[in-house]
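Colleague: If you scroll down you'll find the structure; I have some questions about it.
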Amino acid sequence: MSTYILTSMFPDGFDEETTRLLGRLIPRRGRFAFVASDFEHRHDTTDFYFGGVLTWFRDAGISFERSYVVDGRMTPSEAQAAAREADVVWLSGGDTLAQFGSLEEYGLVDVIRQHPGVIIGMSAGAINMAKTAVLYDPPYGVHTATVYAGIGCVDISADPHFEPDRIAATLLNASEERVIYGLCDNSIIVCHDGQTEYHSEVYRLSGGEVERIN
C-alpha cells in the first residue's frame, strides 16, 4: 500500500513532529530517489538541494543504504528503474510545470502513480502529485490559476508555501470550482490506506472561503 506525503518546505529542517512522523511512515530505508524539478539544467543546484534533504533525514535519524538523483543525467529507462526500485521517492520543489513535463517525457508519471512505497512531494512535487493540480506560482511566471491533470497519486489539490494572511484572489476564485489545501511551511498531509492526516498548519479553501482544519 502506497504512502503519500505532501509538504511545503522545512526552512530549518525537520521539526520534532515531522521527525516522529517520518520515522513511523518510512519503515524501509534501502533506496532513496530524489526526483529533480529541472532535469536538463542546473544540475549543481539539484545536487545542492539533494544533499540538503539527505541532511534533514540524517538529522532525524533516518539513513538510506543508497541515495541518488533522478534527472536528465539518466536515460528514460534508467530513470524509470531508479524510481521504481526506490523505497522512498522524493519529488523536489522548483519549477512545477517543468518538473511535470520531464516526468511525462521520461515516462515517470505511471511509475510514480503505481509505486507501492513512500512518495513525498515537496512544493512543486506536492502540486504535481494531485489528480487535478492547481498551480499559482508567481516566482515561475504563473499568475493565474493553471489547472491540469497531475500524476494522480492523491485526490488533493495542494497550494504550498501558503500564507493565510496573504491569500491571492486567484486562489480564492479557483476554490469556487474545487477544494484546495493550503500547506504552510512545516506542514504535512499524509494519505495512506484510505485515510488522510493533517499535521501542523493546513487550511482548506472551498467556495471562496478559508478554514484552518487542524
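All residue names refer to the C-alpha cells as shown: chains lettered A, B, ... in order, residues numbered from 1 in each chain, ligands numbered from 1 in order.
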Leaving out Asp12 in chain A and any residue of its chain fewer than 4 positions from it, which residues lie within 12 Å of it when counting only C-alpha atoms, given as a list in words?

Modeller: Glu16, Thr18, Gly52, Val53, Thr55, Trp56, Asp59, Asp185 and Asn186 of chain A

Colleague: Compile the contact shell of range 152-157 of chain A as a PyMOL selection string: residues with an atom at most 8 Å away, counting only C-alpha atoms, same-chain residues fewer than 5 positions apart removed.

Modeller: chain A and resi 4+112-113+127+129-134+179-181+191

Colleague: Near range 40-43 of chain A, counting only C-alpha atoms, which residues have an atom at most 8 Å away, once you skip same-chain residues fewer than 6 positions from it, shown as a list in words?

Modeller: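 So, after excluding close chain neighbours, the residues are Asp71, Gly72 and Arg73 of chain A.
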
Colleague: For the selection you just gave me, I'd like the residues written to a file as a PDB file, in the first residue's frame, keeping N, CA, C and O atoms.

Modeller:
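Generated output (selection36.pdb):
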ATOM      1  N   ASP A  71      17.328  12.592 -12.831  1.00  0.00           N
ATOM      2  CA  ASP A  71      17.155  13.745 -13.717  1.00  0.00           C
ATOM      3  C   ASP A  71      17.733  13.394 -15.080  1.00  0.00           C
ATOM      4  O   ASP A  71      17.891  12.217 -15.426  1.00  0.00           O
ATOM      5  N   GLY A  72      18.052  14.411 -15.883  1.00  0.00           N
ATOM      6  CA  GLY A  72      18.492  14.200 -17.251  1.00  0.00           C
ATOM      7  C   GLY A  72      19.850  13.551 -17.396  1.00  0.00           C
ATOM      8  O   GLY A  72      20.274  13.247 -18.515  1.00  0.00           O
ATOM      9  N   ARG A  73      20.544  13.329 -16.298  1.00  0.00           N
ATOM     10  CA  ARG A  73      21.807  12.602 -16.369  1.00  0.00           C
ATOM     11  C   ARG A  73      21.576  11.098 -16.479  1.00  0.00           C
ATOM     12  O   ARG A  73      22.531  10.337 -16.601  1.00  0.00           O
TER      13      ARG A  73
END

Colleague: Can you list, as a list in words, every protein, DNA or RNA residue that comes within 6 Å of range 96-106 of chain A when you count only C-alpha atoms, leaving out same-chain residues fewer than 2 positions away?

Modeller: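 Within the cut-off, the hits are Ser37, Pro76, Gly94, Leu108, Val109 and Ala124 of chain A.
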
Colleague: Determine which residues of chain A receive a DSSP assignment of strand (DSSP E or B), computed from the backbone, and state them as an MDAnalysis selection string.

Modeller: chainID A and resid 3:7 11 13 31:35 66:70 88:91 118:122 130 132:137 142:149 154 157:160 180:183 188:192 195:199 202:206 209:212

Colleague: CA of Arg166 in chain A and CA of Gly121 in chain A are how many Å apart?

Modeller: 23.2 Å

Colleague: Can you build me a table of range 4-30 of chain A residues sitting at most 10 Å from range 79-87 of chain A, with the closest atom pair per residue and its distance in Å to one decimal, using only C-alpha atoms, sorted by chain and residue number, as JSON lines?

Modeller:
{"residue": "A:Ile26", "atom": "CA", "partner": "A:Asp87", "partner_atom": "CA", "distance": 8.4}
{"residue": "A:Pro27", "atom": "CA", "partner": "A:Asp87", "partner_atom": "CA", "distance": 9.0}
{"residue": "A:Arg28", "atom": "CA", "partner": "A:Asp87", "partner_atom": "CA", "distance": 6.1}
{"residue": "A:Arg29", "atom": "CA", "partner": "A:Asp87", "partner_atom": "CA", "distance": 6.3}
{"residue": "A:Gly30", "atom": "CA", "partner": "A:Asp87", "partner_atom": "CA", "distance": 6.2}

Colleague: Using CA of Phe39 in chain A and CA of Met122 in chain A as the two end points, give the distance in Å to one decimal.

Modeller: 16.3 Å

Colleague: Could you check which of A:Leu54, A:Ala126, A:Val118, A:Val111 is closest to Ser67 in chain A, using only C-alpha atoms?

Modeller: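 Nearest to Ser67 in chain A: A:Leu54.
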
Colleague: Any idea what's packed within 7 Å of range 196-209 of chain A, counting only C-alpha atoms, ignoring anything in its chain fewer than 4 positions away? Could you give it as a tab-separated table (two decimals) with N, CA, C and O atoms, in the first residue's frame?

Modeller:
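Final file, out.tsv:
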chain	number	residue	atom	x	y	z
A	172	LEU	N	-8.56	32.03	-4.28
A	172	LEU	CA	-9.93	32.03	-3.77
A	172	LEU	C	-10.92	31.79	-4.89
A	172	LEU	O	-11.90	31.05	-4.73
A	173	ASN	N	-10.69	32.42	-6.02
A	173	ASN	CA	-11.58	32.22	-7.16
A	173	ASN	C	-11.53	30.77	-7.64
A	173	ASN	O	-12.56	30.17	-7.96
A	175	SER	N	-10.98	28.23	-5.85
A	175	SER	CA	-11.63	27.36	-4.87
A	175	SER	C	-13.14	27.33	-5.04
A	175	SER	O	-13.82	26.51	-4.41
A	176	GLU	N	-13.68	28.18	-5.90
A	176	GLU	CA	-15.11	28.11	-6.22
A	176	GLU	C	-15.41	26.84	-7.02
A	176	GLU	O	-16.54	26.32	-6.99
A	178	ARG	N	-13.15	23.96	-7.03
A	178	ARG	CA	-12.61	22.73	-6.41
A	178	ARG	C	-11.96	23.11	-5.09
A	178	ARG	O	-11.54	24.24	-4.87
A	179	VAL	N	-11.86	22.14	-4.21
A	179	VAL	CA	-11.24	22.36	-2.91
A	179	VAL	C	-9.72	22.37	-3.08
A	179	VAL	O	-9.14	21.53	-3.78
A	180	ILE	N	-9.07	23.34	-2.44
A	180	ILE	CA	-7.62	23.47	-2.46
A	180	ILE	C	-7.13	23.47	-1.02
A	180	ILE	O	-7.73	24.13	-0.15
A	181	TYR	N	-6.05	22.77	-0.76
A	181	TYR	CA	-5.50	22.71	0.59
A	181	TYR	C	-4.24	23.56	0.67
A	181	TYR	O	-3.28	23.34	-0.07
A	182	GLY	N	-4.26	24.56	1.54
A	182	GLY	CA	-3.11	25.43	1.74
A	182	GLY	C	-2.14	24.83	2.74
A	182	GLY	O	-2.50	24.58	3.89
A	183	LEU	N	-0.90	24.58	2.27
A	183	LEU	CA	0.14	23.98	3.10
A	183	LEU	C	1.12	25.07	3.52
A	183	LEU	O	1.89	25.57	2.70
A	184	CYS	N	1.10	25.44	4.79
A	184	CYS	CA	2.11	26.36	5.30
A	184	CYS	C	3.43	25.61	5.43
A	184	CYS	O	3.47	24.38	5.45
A	186	ASN	N	6.45	23.73	6.98
A	186	ASN	CA	6.50	22.76	8.08
A	186	ASN	C	5.21	21.96	8.25
A	186	ASN	O	5.08	21.20	9.21
A	187	SER	N	4.28	22.09	7.32
A	187	SER	CA	3.03	21.32	7.42
A	187	SER	C	3.08	20.12	6.48
A	187	SER	O	3.86	20.08	5.53
A	188	ILE	N	2.24	19.13	6.78
A	188	ILE	CA	2.24	17.87	6.04
A	188	ILE	C	0.82	17.34	5.91
A	188	ILE	O	0.03	17.43	6.86
A	189	ILE	N	0.51	16.78	4.75
A	189	ILE	CA	-0.69	15.98	4.56
A	189	ILE	C	-0.24	14.56	4.21
A	189	ILE	O	0.60	14.37	3.33
A	190	VAL	N	-0.79	13.58	4.91
A	190	VAL	CA	-0.46	12.18	4.67
A	190	VAL	C	-1.71	11.46	4.18
A	190	VAL	O	-2.78	11.56	4.79
A	191	CYS	N	-1.59	10.73	3.08
A	191	CYS	CA	-2.67	9.90	2.56
A	191	CYS	C	-2.17	8.45	2.54
A	191	CYS	O	-1.20	8.13	1.84
A	192	HIS	N	-2.84	7.60	3.31
A	192	HIS	CA	-2.39	6.21	3.42
A	192	HIS	C	-3.56	5.33	3.83
A	192	HIS	O	-4.32	5.67	4.76
A	213	ILE	N	-7.95	23.58	9.28
A	213	ILE	CA	-8.55	22.29	9.53
A	213	ILE	C	-7.80	21.47	10.57
A	213	ILE	O	-8.16	20.33	10.83
A	214	ASN	N	-6.73	21.98	11.15
A	214	ASN	CA	-6.07	21.25	12.23
A	214	ASN	C	-5.36	22.21	13.17
A	214	ASN	O	-5.37	23.41	12.95

Colleague: Rank nothing, just name the residue among A:Gln195, A:Asn128, A:Ser123, A:Thr19 nearest to Gly61 in chain A, using only C-alpha atoms.

Modeller: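 Looking at the shortest contact to Gly61 in chain A, the residue is A:Thr19.
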
Colleague: Which is closer to Glu163 in chain A than all the others in A:Val210, A:Ile120, A:Ala145, A:Val88, using only C-alpha atoms?

Modeller: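 Ranked by minimum distance to Glu163 in chain A, first place goes to A:Val210.
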
Colleague: Go ahead and compute the interatomic distance for CA of Asp137 in chain A and CA of Phe162 in chain A, in Å to one decimal.

Modeller: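 These two atoms are separated by 11.2 Å.
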
Colleague: Using DSSP on the backbone coordinates, identify the residues of range 75-182 of chain A assigned to alpha helix (DSSP H); present them as a PyMOL selection string.

Modeller: chain A and resi 76-85+96-105+108-113+124-128+169-174
